[in-house]
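Text of the file entry-v9.txt, holding compact mmCIF, C-alpha atoms:
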```txt
# COMPACT_ATOMS: atom_id res chain seq x y z
CA MET W 1 -78.69 3.89 -71.96
CA LYS W 2 -82.08 2.18 -71.94
CA LEU W 3 -84.35 0.48 -69.42
CA ALA W 4 -87.30 -1.80 -70.21
CA ALA W 5 -90.60 -0.93 -68.51
CA ASP W 6 -91.27 -4.62 -67.83
CA ILE W 7 -89.25 -4.33 -64.63
CA VAL W 8 -92.54 -3.15 -63.08
CA GLY W 9 -93.85 -5.83 -60.74
CA ARG W 10 -90.45 -7.18 -59.71
CA GLU W 11 -90.26 -7.81 -55.97
CA ALA W 12 -87.82 -8.47 -53.14
CA GLY W 13 -88.27 -9.56 -49.54
CA PRO W 14 -89.73 -9.73 -47.09
CA LEU W 15 -86.78 -9.16 -44.76
CA GLU W 16 -87.31 -9.22 -41.01
CA HIS W 17 -85.93 -6.53 -38.69
CA SER W 18 -85.91 -6.12 -34.94
CA LEU W 19 -86.48 -2.46 -34.11
CA ASP W 20 -84.33 -2.26 -31.01
CA ALA W 21 -84.40 0.90 -28.91
CA ARG W 22 -80.71 1.54 -29.59
CA TRP W 23 -81.34 1.89 -33.35
CA ILE W 24 -84.32 4.20 -32.86
CA MET W 25 -82.42 6.41 -30.41
CA ALA W 26 -79.32 6.48 -32.63
CA TYR W 27 -81.36 7.72 -35.58
CA SER W 28 -82.71 10.60 -33.52
CA ALA W 29 -79.20 11.36 -32.26
CA ALA W 30 -77.97 11.64 -35.87
CA LEU W 31 -80.44 14.52 -36.22
CA GLY W 32 -79.20 16.18 -33.04
CA GLU W 33 -82.11 14.99 -30.92
CA LEU W 34 -82.12 13.23 -27.55
CA ASN W 35 -84.70 10.45 -27.48
CA PRO W 36 -84.47 8.54 -24.18
CA ALA W 37 -87.97 7.09 -24.61
CA ALA W 38 -87.05 5.53 -27.97
CA VAL W 39 -89.99 7.13 -29.77
CA ALA W 40 -89.41 6.63 -33.48
CA HIS W 41 -88.78 9.72 -35.57
CA PRO W 42 -91.31 9.96 -38.44
CA LEU W 43 -88.51 9.29 -40.98
CA PHE W 44 -87.11 6.27 -39.11
CA PRO W 45 -88.81 3.83 -41.56
CA VAL W 46 -86.13 4.65 -44.17
CA CYS W 47 -83.72 2.70 -41.95
CA TYR W 48 -85.51 -0.62 -42.15
CA GLU W 49 -86.40 -0.10 -45.81
CA TRP W 50 -82.77 0.24 -46.91
CA PRO W 51 -81.67 -3.44 -46.65
CA VAL W 52 -84.44 -4.78 -48.90
CA SER W 53 -83.76 -2.03 -51.44
CA GLN W 54 -80.39 -3.60 -52.24
CA PRO W 55 -81.58 -6.83 -53.91
CA ILE W 56 -84.22 -5.02 -56.00
CA ARG W 57 -81.73 -2.40 -57.24
CA ASP W 58 -79.30 -5.19 -58.03
CA ILE W 59 -81.49 -6.95 -60.60
CA PRO W 60 -79.63 -7.31 -63.93
CA GLU W 61 -81.64 -4.55 -65.64
CA LEU W 62 -80.85 -1.96 -62.94
CA ARG W 63 -77.37 -2.92 -61.73
CA PRO W 64 -75.51 -1.11 -64.58
CA LEU W 65 -77.54 2.05 -63.93
CA ALA W 66 -76.77 2.36 -60.21
CA ALA W 67 -74.51 5.41 -60.52
CA ARG W 68 -77.27 7.27 -62.41
CA LEU W 69 -79.86 6.93 -59.63
CA VAL W 70 -81.03 10.10 -57.92
CA HIS W 71 -83.63 10.12 -55.13
CA ALA W 72 -86.19 12.41 -56.78
CA GLN W 73 -89.25 12.23 -54.54
CA HIS W 74 -90.54 10.48 -51.43
CA ASP W 75 -93.97 9.63 -50.08
CA LEU W 76 -94.13 7.94 -46.67
CA VAL W 77 -97.47 6.88 -45.15
CA ILE W 78 -97.36 6.01 -41.45
CA HIS W 79 -100.27 3.69 -40.67
CA ARG W 80 -99.06 3.58 -37.08
CA ALA W 81 -95.78 4.60 -35.50
CA PRO W 82 -93.07 1.90 -35.38
CA ARG W 83 -92.32 0.80 -31.83
CA ALA W 84 -89.12 -0.15 -30.04
CA ASN W 85 -88.63 -3.88 -29.48
CA GLU W 86 -91.04 -4.97 -32.19
CA THR W 87 -90.29 -6.96 -35.34
CA VAL W 88 -91.32 -5.79 -38.79
CA ARG W 89 -91.24 -7.61 -42.13
CA VAL W 90 -90.35 -5.38 -45.06
CA SER W 91 -90.91 -6.06 -48.76
CA VAL W 92 -90.50 -3.95 -51.90
CA ARG W 93 -92.10 -3.94 -55.34
CA ILE W 94 -91.37 -1.85 -58.40
CA ALA W 95 -94.73 -0.12 -58.69
CA ARG W 96 -94.23 2.33 -61.55
CA ALA W 97 -91.96 3.25 -64.45
CA GLU W 98 -92.37 6.29 -66.69
CA GLN W 99 -90.30 8.60 -68.84
CA ARG W 100 -89.48 12.04 -67.53
CA ARG W 101 -87.43 14.67 -69.27
CA PRO W 102 -84.21 14.06 -67.26
CA GLY W 103 -84.48 10.25 -67.46
CA ALA W 104 -86.38 7.12 -66.46
CA PHE W 105 -88.47 7.52 -63.30
CA VAL W 106 -88.96 4.35 -61.22
CA VAL W 107 -91.07 4.02 -58.07
CA TYR W 108 -90.04 1.48 -55.45
CA ARG W 109 -92.92 0.74 -53.05
CA PHE W 110 -91.87 -0.47 -49.60
CA THR W 111 -94.35 -2.10 -47.23
CA ALA W 112 -93.55 -2.88 -43.59
CA ARG W 113 -95.89 -5.12 -41.59
CA GLY W 114 -96.01 -5.87 -37.90
CA ALA W 115 -96.31 -9.24 -36.18
CA ASP W 116 -100.09 -9.11 -36.72
CA GLY W 117 -99.62 -8.80 -40.49
CA ARG W 118 -101.06 -5.30 -40.63
CA PRO W 119 -99.15 -2.50 -42.37
CA VAL W 120 -96.98 -0.24 -40.24
CA THR W 121 -95.60 2.00 -42.99
CA THR W 122 -95.75 2.25 -46.78
CA SER W 123 -93.24 4.29 -48.78
CA ASP W 124 -93.04 5.26 -52.44
CA PHE W 125 -89.38 5.93 -53.17
CA GLY W 126 -89.18 7.80 -56.47
CA ALA W 127 -85.86 7.20 -58.24
CA LEU W 128 -84.75 9.08 -61.33
CA TYR W 129 -82.19 7.33 -63.51
CA ARG W 130 -80.50 10.31 -65.17
CA GLY W 131 -80.08 10.13 -68.93
CA VAL W 132 -81.80 6.74 -69.23
CA GLU W 133 -84.50 6.09 -71.83
CA LEU W 134 -87.49 3.99 -70.79
CA GLU W 135 -88.67 1.47 -73.36
CA GLY W 136 -92.31 0.36 -73.31
CA GLY W 137 -93.59 2.76 -70.68
CA PRO W 138 -95.34 4.22 -68.88
CA ARG W 139 -96.36 1.19 -66.86
CA GLY W 140 -97.64 0.33 -63.38
CA ASP W 141 -99.72 2.02 -60.70
CA PRO W 142 -100.56 5.72 -61.03
CA VAL W 143 -98.27 7.87 -58.91
CA ASP W 144 -99.69 10.38 -56.43
CA ASN W 145 -97.09 13.08 -57.07
CA PRO W 146 -96.60 15.78 -54.42
CA SER W 147 -98.71 18.82 -55.19
CA ALA W 148 -97.47 22.39 -55.11
CA THR W 149 -96.49 23.56 -51.66
CA SER W 150 -99.07 25.68 -49.83
CA ALA W 151 -98.97 29.40 -50.53
CA GLY W 152 -97.83 31.85 -47.89
CA LEU W 153 -94.73 30.03 -46.69
CA ARG W 154 -92.96 31.77 -43.83
CA PRO W 155 -89.58 31.13 -42.16
CA ALA W 156 -89.94 28.26 -39.68
CA GLY W 157 -86.38 27.55 -38.61
CA GLU W 158 -82.76 27.07 -39.60
CA ILE W 159 -80.77 23.84 -39.76
CA ALA W 160 -76.99 23.79 -39.32
CA ILE W 161 -75.54 20.87 -41.30
CA ALA W 162 -72.19 19.83 -39.82
CA PRO W 163 -69.21 18.74 -41.95
CA THR W 164 -69.63 15.22 -40.53
CA ALA W 165 -73.43 15.02 -40.89
CA ALA W 166 -73.46 12.45 -43.71
CA HIS W 167 -71.01 10.13 -41.92
CA VAL W 168 -72.96 10.31 -38.66
CA TYR W 169 -76.29 9.75 -40.41
CA THR W 170 -74.83 6.81 -42.36
CA GLU W 171 -73.80 4.97 -39.21
CA CYS W 172 -76.84 5.79 -37.08
CA ALA W 173 -79.39 5.06 -39.81
CA ARG W 174 -77.40 2.02 -41.02
CA ILE W 175 -77.73 3.27 -44.58
CA TRP W 176 -74.45 2.83 -46.44
CA ASN W 177 -74.13 4.50 -49.85
CA PRO W 178 -70.62 5.69 -50.80
CA ILE W 179 -71.82 8.91 -52.47
CA HIS W 180 -72.44 10.16 -48.93
CA THR W 181 -69.11 9.19 -47.37
CA ASP W 182 -66.49 8.51 -50.08
CA ARG W 183 -65.29 11.67 -51.85
CA GLU W 184 -63.51 9.82 -54.67
CA TYR W 185 -66.57 7.66 -55.39
CA ALA W 186 -68.89 10.67 -55.30
CA ARG W 187 -66.76 12.61 -57.77
CA LYS W 188 -66.53 9.64 -60.13
CA ALA W 189 -70.35 9.55 -60.03
CA GLY W 190 -70.39 13.14 -61.30
CA LEU W 191 -71.01 14.88 -57.97
CA PRO W 192 -68.99 17.87 -56.74
CA ASP W 193 -68.28 16.16 -53.40
CA ILE W 194 -70.03 13.85 -50.97
CA ILE W 195 -73.62 14.97 -50.42
CA LEU W 196 -76.08 14.62 -47.58
CA HIS W 197 -78.70 11.86 -47.90
CA GLY W 198 -82.01 13.15 -49.21
CA THR W 199 -83.76 11.36 -46.36
CA ALA W 200 -81.48 13.12 -43.87
CA THR W 201 -82.38 16.51 -45.33
CA LEU W 202 -86.05 15.54 -45.12
CA ALA W 203 -85.68 14.25 -41.56
CA TYR W 204 -83.94 17.45 -40.41
CA SER W 205 -86.75 19.45 -42.03
CA VAL W 206 -89.46 17.41 -40.33
CA SER W 207 -87.70 17.77 -36.96
CA SER W 208 -87.60 21.54 -37.45
CA LEU W 209 -91.33 21.61 -38.21
CA LEU W 210 -92.25 19.44 -35.23
CA LYS W 211 -90.35 21.80 -32.93
CA ARG W 212 -91.65 24.97 -34.55
CA PHE W 213 -95.30 23.92 -34.25
CA ALA W 214 -94.94 21.92 -30.98
CA ILE W 215 -96.14 18.64 -32.52
CA GLN W 216 -95.44 15.19 -31.09
CA PRO W 217 -93.68 12.83 -33.57
CA SER W 218 -96.43 10.24 -33.08
CA LYS W 219 -98.93 12.63 -34.71
CA ALA W 220 -97.24 12.43 -38.13
CA ARG W 221 -99.19 10.32 -40.64
CA ARG W 222 -97.65 11.21 -44.00
CA VAL W 223 -94.47 12.90 -45.22
CA ARG W 224 -93.96 13.64 -48.91
CA CYS W 225 -91.78 15.88 -51.04
CA ARG W 226 -89.68 16.34 -54.12
CA PHE W 227 -85.92 16.59 -53.81
CA SER W 228 -84.80 19.53 -55.91
CA GLY W 229 -81.15 20.13 -54.95
CA MET W 230 -78.03 18.66 -53.41
CA VAL W 231 -76.85 19.51 -49.90
CA LEU W 232 -73.09 19.84 -49.43
CA MET W 233 -71.44 20.03 -46.03
CA PRO W 234 -71.11 22.15 -44.01
CA SER W 235 -74.11 24.29 -44.83
CA THR W 236 -77.06 26.10 -43.32
CA LEU W 237 -80.58 25.33 -44.50
CA SER W 238 -83.77 27.24 -43.85
CA VAL W 239 -87.26 25.75 -43.59
CA HIS W 240 -90.29 27.74 -44.77
CA ALA W 241 -93.77 26.54 -43.88
CA ALA W 242 -97.49 27.20 -43.72
CA ARG W 243 -99.95 25.25 -41.58
CA ASP W 244 -103.58 24.47 -42.32
CA GLU W 245 -106.21 22.07 -40.94
CA SER W 246 -104.61 18.97 -42.51
CA GLY W 247 -100.98 19.62 -41.76
CA ILE W 248 -98.00 21.63 -42.90
CA GLY W 249 -96.77 22.57 -46.36
CA PHE W 250 -93.05 23.34 -46.46
CA GLU W 251 -89.96 24.01 -48.51
CA THR W 252 -86.32 23.72 -47.46
CA ARG W 253 -83.76 26.08 -49.00
CA ASN W 254 -79.99 26.43 -49.09
CA GLU W 255 -77.94 29.57 -48.35
CA LYS W 256 -78.66 30.91 -51.85
CA GLY W 257 -82.40 30.63 -51.31
CA GLU W 258 -82.68 27.70 -53.73
CA ALA W 259 -85.07 24.90 -52.82
CA VAL W 260 -83.42 21.59 -51.93
CA ILE W 261 -86.78 20.17 -50.85
CA ALA W 262 -89.87 21.33 -52.74
CA ARG W 263 -93.59 20.52 -52.47
CA GLY W 264 -93.11 19.23 -48.93
CA GLN W 265 -96.11 18.08 -46.93
CA LEU W 266 -96.30 16.85 -43.35
CA LEU W 267 -99.81 15.52 -42.74
CA LEU W 268 -101.03 14.96 -39.19
CA GLU W 269 -103.66 12.84 -37.49
```
Could you write out this structure as structure tokens?
Amino acid sequence: MKLAADIVGREAGPLEHSLDARWIMAYSAALGELNPAAVAHPLFPVCYEWPVSQPIRDIPELRPLAARLVHAQHDLVIHRAPRANETVRVSVRIARAEQRRPGAFVVYRFTARGADGRPVTTSDFGALYRGVELEGGPRGDPVDNPSATSAGLRPAGEIAIAPTAAHVYTECARIWNPIHTDREYARKAGLPDIILHGTATLAYSVSSLLKRFAIQPSKARRVRCRFSGMVLMPSTLSVHAARDESGIGFETRNEKGEAVIARGQLLLE
């Protein structure tokens, strides 16, 4: 299958969202956290980015390739923490397309702005379309790929992933993708079973790091990583980390010691 690089520059949105306290607290609850003050988890922006991702992925060039999409990497910049009871306007643009060995790599760039028009968050969602050949690429903005994780990683915590984790995360985040909840659909897509959302695995990892190093969520300014493996349920993950003056480098591994998140970085203010 082939994909033309001239999809770069296509846009969708903006869509407007009210960030009610119930949504913010529910997202934290999906990760096993109590959040009575409705302080947004650093990964909460994925919730309000999801709706506007649907029309851009549904353009005629990409619609037939939907089952081949894998979330390959993520780069979230938090200009300021989202707040309960505010309204944000979210837009998306295809910022980059390039050929990688496993397939066509496409970067969706999400921008959320507050009522004052200033950016709240910006995310580069790196999607790999497995087995797809890119025609006319590479094209678009250069991509700031995650660098190698800091040396000297040490155990920083374990994460117990419940059998129901993907269903709970789906409802609390309001992110509905059947590969995470529908076993028949997931298997038809070539997966062994339903899998946990990549953003859920990343959010669990960030939560573990915040607890391990006693950091307030509001201090997070950038979260980036590569997704390097699937997470089935139930399972137990382990987070390995090293801290320096700018933040924390980390890697999340499954029971076999294989990385499911690689080149992770949590940068702090």
Problem set entry | All residues 10 Å or closer to W:Asn145, all atoms listed in the file, same chain fewer than 6 positions away omitted, as a list in words |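 Final neighbour list, sorted by chain and number: Gln73, His74, Asp75, Asp124, Gly126, Arg224, Cys225, Arg226 and Arg263 of chain W.
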What's the 7 Å shell around W:Asn35, counting all atoms listed in the file, without same-chain residues fewer than 4 positions away, as an mmCIF file with C-alpha atoms, in the coordinates of the input?
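Once everything was written out, this is part-v7.cif:
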```
data_model
loop_
_atom_site.group_PDB
_atom_site.id
_atom_site.type_symbol
_atom_site.label_atom_id
_atom_site.label_comp_id
_atom_site.auth_asym_id
_atom_site.auth_seq_id
_atom_site.Cartn_x
_atom_site.Cartn_y
_atom_site.Cartn_z
ATOM 1 C CA MET W 25 -82.420 6.410 -30.410
ATOM 2 C CA SER W 28 -82.710 10.600 -33.520
ATOM 3 C CA VAL W 39 -89.990 7.130 -29.770
#
```
Exercise. Interatomic distance between atom CA of W:Val70 and atom CA of W:Arg221?
Worked result: 25.1 Å
What's around W:Ile195 at 6 Å? Count only C-alpha atoms, leave out sequence neighbours fewer than 5 positions away in its own chain, and write the answer as a CSV table (one decimal) with C-alpha atoms, in the coordinates of the input.
```csv
chain,number,residue,atom,x,y,z
W,180,HIS,CA,-72.4,10.2,-48.9
W,231,VAL,CA,-76.8,19.5,-49.9
W,232,LEU,CA,-73.1,19.8,-49.4
```
Exercise. What is the distance, in Å and to one decimal place, between atom CA of W:Leu191 and atom CA of W:Arg101?
Worked result: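 Computing it gives 19.9 Å between the two atoms.
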Exercise. For W:Ala29, which residue among W:Ile179, W:Val223, W:Ala160, W:Val168 is the nearest when counting all atoms listed in the file?
Worked result: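 The answer is W:Val168, which sits nearest to W:Ala29.
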Seminar exercise, completed: What separates atom CA of W:Cys47 and atom CA of W:Lys219 is a distance of 19.6 Å
